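Chemist: The structure's right below; bear with me while I get my questions together.
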Amino acid sequence: MDLSSVFSLDGKVAIITGASKGIGFGIAEMFAAAGAKVVISSRKQAQLDELALTLKSKGYEAVGIACNVGNMDELPVLVTKTVEKYGTIDILVNNAAANPVFGPVHETSLEAFDKIMNVNVKAAFELSRLCYPYLRNSSNASVINISSIGGLTPEQGLGIYSVSKAALISLTKVFAKEWGDSKIRVNAICPGLIQTKFSEALWSNEKIMSMILKQLAIKRAGTPEEIGAMALFLASSAASYTTGGIFTADGGYTI
């Protein structure tokens, strides 16, 4: 059996939001290495241009398209520019996330609530919907939502963020069930503690890190590349019979 094509994304077009660093860029680099044409997206075009050059220097195909996913008017532009550049869309990774607060849920303002829900849930819904006409024409369409273990069990100090990630899990299952006939697979990854800028407040705090490590079977923080590898599985033909799945990558935290 020739396994060389099982994890190949050769010729596929992938949009990854929140891709200027951390998990998003880790996924983008993994997809590019597997042969995909990757569209890395975040808010700052100059930063994306630099990252795209970094990927191109490795022989990969990549372009940066700026988009603030919290602004619904910018999402159609991201889709249109992607199709203008590459002709279609085969893979969508909804990775962009916001969490402007850390503390008791009753201290979360309505402004913070709206920002969290807009970026973490509403943007994923709308961007998936906008990509649907292209995804349904793909030979192996895949949507991957980056949720969190907080979406399975609320994390202390991250109340509304956890609520948003639980909603994203439910959204994943809804799309998976409704889009199966269109041969579009929709899955979610729930990372645990991954060593990124987004989670620096946790892994850089010795006291918090010590408490977290006691609850892990694999006693270390994860890496963006490890989430990228799981995303590659879900995007590839290796996961051709996998949809509606909620996959944890958390070092055993949720065991």
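Going by the structure tokens order, chains are called A, B, ..., each with residues numbered from 1, while ligands are numbered from 1 in the order shown.
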Among range 41-215 of chain A, which ones does DSSP place in alpha helix (DSSP H), written as number ranges by chain?
Modeler: A: 45-56, 75-86, 110-117, 123-135, 159-179, 200-203, 206-213
Chemist: Name the residues of range 35-65 of chain A that fall into strand (DSSP E or B) according to DSSP on the backbone, using the chain letters and numbers of this document, as a list of chain:residue names.
Modeler: A:Lys37, A:Val38, A:Val39, A:Ile40, A:Ser41, A:Glu61, A:Ala62, A:Val63, A:Gly64
Chemist: Any chance you can output those residues with N, CA and C atoms as a PDB file, in the first residue's frame?
Modeler:
ATOM      1  N   LYS A  37      -2.113  25.019  -1.139  1.00  0.00           N
ATOM      2  CA  LYS A  37      -1.948  26.442  -1.362  1.00  0.00           C
ATOM      3  C   LYS A  37      -2.632  27.124  -0.188  1.00  0.00           C
ATOM      4  N   VAL A  38      -1.862  27.769   0.672  1.00  0.00           N
ATOM      5  CA  VAL A  38      -2.436  28.270   1.912  1.00  0.00           C
ATOM      6  C   VAL A  38      -2.653  29.782   1.869  1.00  0.00           C
ATOM      7  N   VAL A  39      -3.815  30.166   2.363  1.00  0.00           N
ATOM      8  CA  VAL A  39      -4.151  31.574   2.553  1.00  0.00           C
ATOM      9  C   VAL A  39      -4.100  31.838   4.044  1.00  0.00           C
ATOM     10  N   ILE A  40      -3.083  32.560   4.471  1.00  0.00           N
ATOM     11  CA  ILE A  40      -2.967  32.893   5.884  1.00  0.00           C
ATOM     12  C   ILE A  40      -3.633  34.245   6.112  1.00  0.00           C
ATOM     13  N   SER A  41      -4.464  34.289   7.146  1.00  0.00           N
ATOM     14  CA  SER A  41      -5.229  35.508   7.370  1.00  0.00           C
ATOM     15  C   SER A  41      -5.171  35.929   8.829  1.00  0.00           C
ATOM     16  N   GLU A  61       3.576  27.224  -1.337  1.00  0.00           N
ATOM     17  CA  GLU A  61       2.696  28.187  -1.981  1.00  0.00           C
ATOM     18  C   GLU A  61       1.824  28.845  -0.920  1.00  0.00           C
ATOM     19  N   ALA A  62       1.925  30.172  -0.779  1.00  0.00           N
ATOM     20  CA  ALA A  62       1.192  30.859   0.279  1.00  0.00           C
ATOM     21  C   ALA A  62       0.959  32.316  -0.086  1.00  0.00           C
ATOM     22  N   VAL A  63      -0.128  32.853   0.445  1.00  0.00           N
ATOM     23  CA  VAL A  63      -0.428  34.273   0.296  1.00  0.00           C
ATOM     24  C   VAL A  63      -1.111  34.748   1.570  1.00  0.00           C
ATOM     25  N   GLY A  64      -0.867  36.002   1.925  1.00  0.00           N
ATOM     26  CA  GLY A  64      -1.510  36.572   3.092  1.00  0.00           C
ATOM     27  C   GLY A  64      -2.629  37.507   2.678  1.00  0.00           C
TER      28      GLY A  64
END
Chemist: Would you please work out which residue, of A:Ala217, A:Asn145, A:Glu29, A:Gly157, is nearest to Lys56 in chain A when using only C-alpha atoms?
Modeler: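 Answer, going by the shortest atom-to-atom distance: A:Glu29.
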Chemist: Using only C-alpha atoms, which protein or nucleic acid residues come within 10 Å of Phe25 in chain A? Drop anything in the same chain fewer than 4 positions from it, and give the result as a ChimeraX atom specification.
Modeler: /A:16-21,29-31,40-41,51,95,224-225,228
Chemist: So what do you get for CA of Thr82 in chain A versus CA of Ala14 in chain A, distance-wise?
Modeler: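 That distance, rounded to one decimal, is 9.0 Å.
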Chemist: CA of Arg129 in chain A and CA of Ala188 in chain A, how far apart in Å?
Modeler: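 CA of Ala188 in chain A sits 16.3 Å away from CA of Arg129 in chain A.
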Chemist: Between A:Asn99, A:Gln215, A:Asn120, A:Thr172, which residue has the minimum interatomic distance to Gly159 in chain A, considering only C-alpha atoms?
Modeler: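 For Gly159 in chain A, the nearest of the given residues is A:Asn99.
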Chemist: I want to know what sits within 8 Å of Ile116 in chain A, based on only C-alpha atoms, with residues of the same chain fewer than 4 positions away left out; could you give that as a list in words?
Modeler: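 Near neighbours after the sequence-gap exclusion: Ala97, Ala98, Asn99, Pro100, Ala112, Asn120, Val121, Ile160, Tyr161 and Ser164 of chain A.
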Chemist: Check the smallest atom-to-atom distance from each of A:Phe233, A:Phe198, A:Tyr253, A:Phe247 to Ala96 in chain A using only C-alpha atoms, then report the winner.
Modeler: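 Among the listed residues, A:Phe198 lies closest to Ala96 in chain A.
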Chemist: For a quick check of understanding, using only C-alpha atoms, which of A:Thr223, A:Cys67, A:Ile149, A:Glu178 has the smallest distance to Gly252 in chain A?
Modeler: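 The shortest atom-to-atom distance to Gly252 in chain A comes from A:Ile149.
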Chemist: For Ile255 in chain A, work out the shell of residues within 12 Å, counting only C-alpha atoms and skipping chain neighbours fewer than 6 positions away, then give it as a PyMOL selection string.
Modeler: chain A and resi 149+152-153+192+215-218+248-249
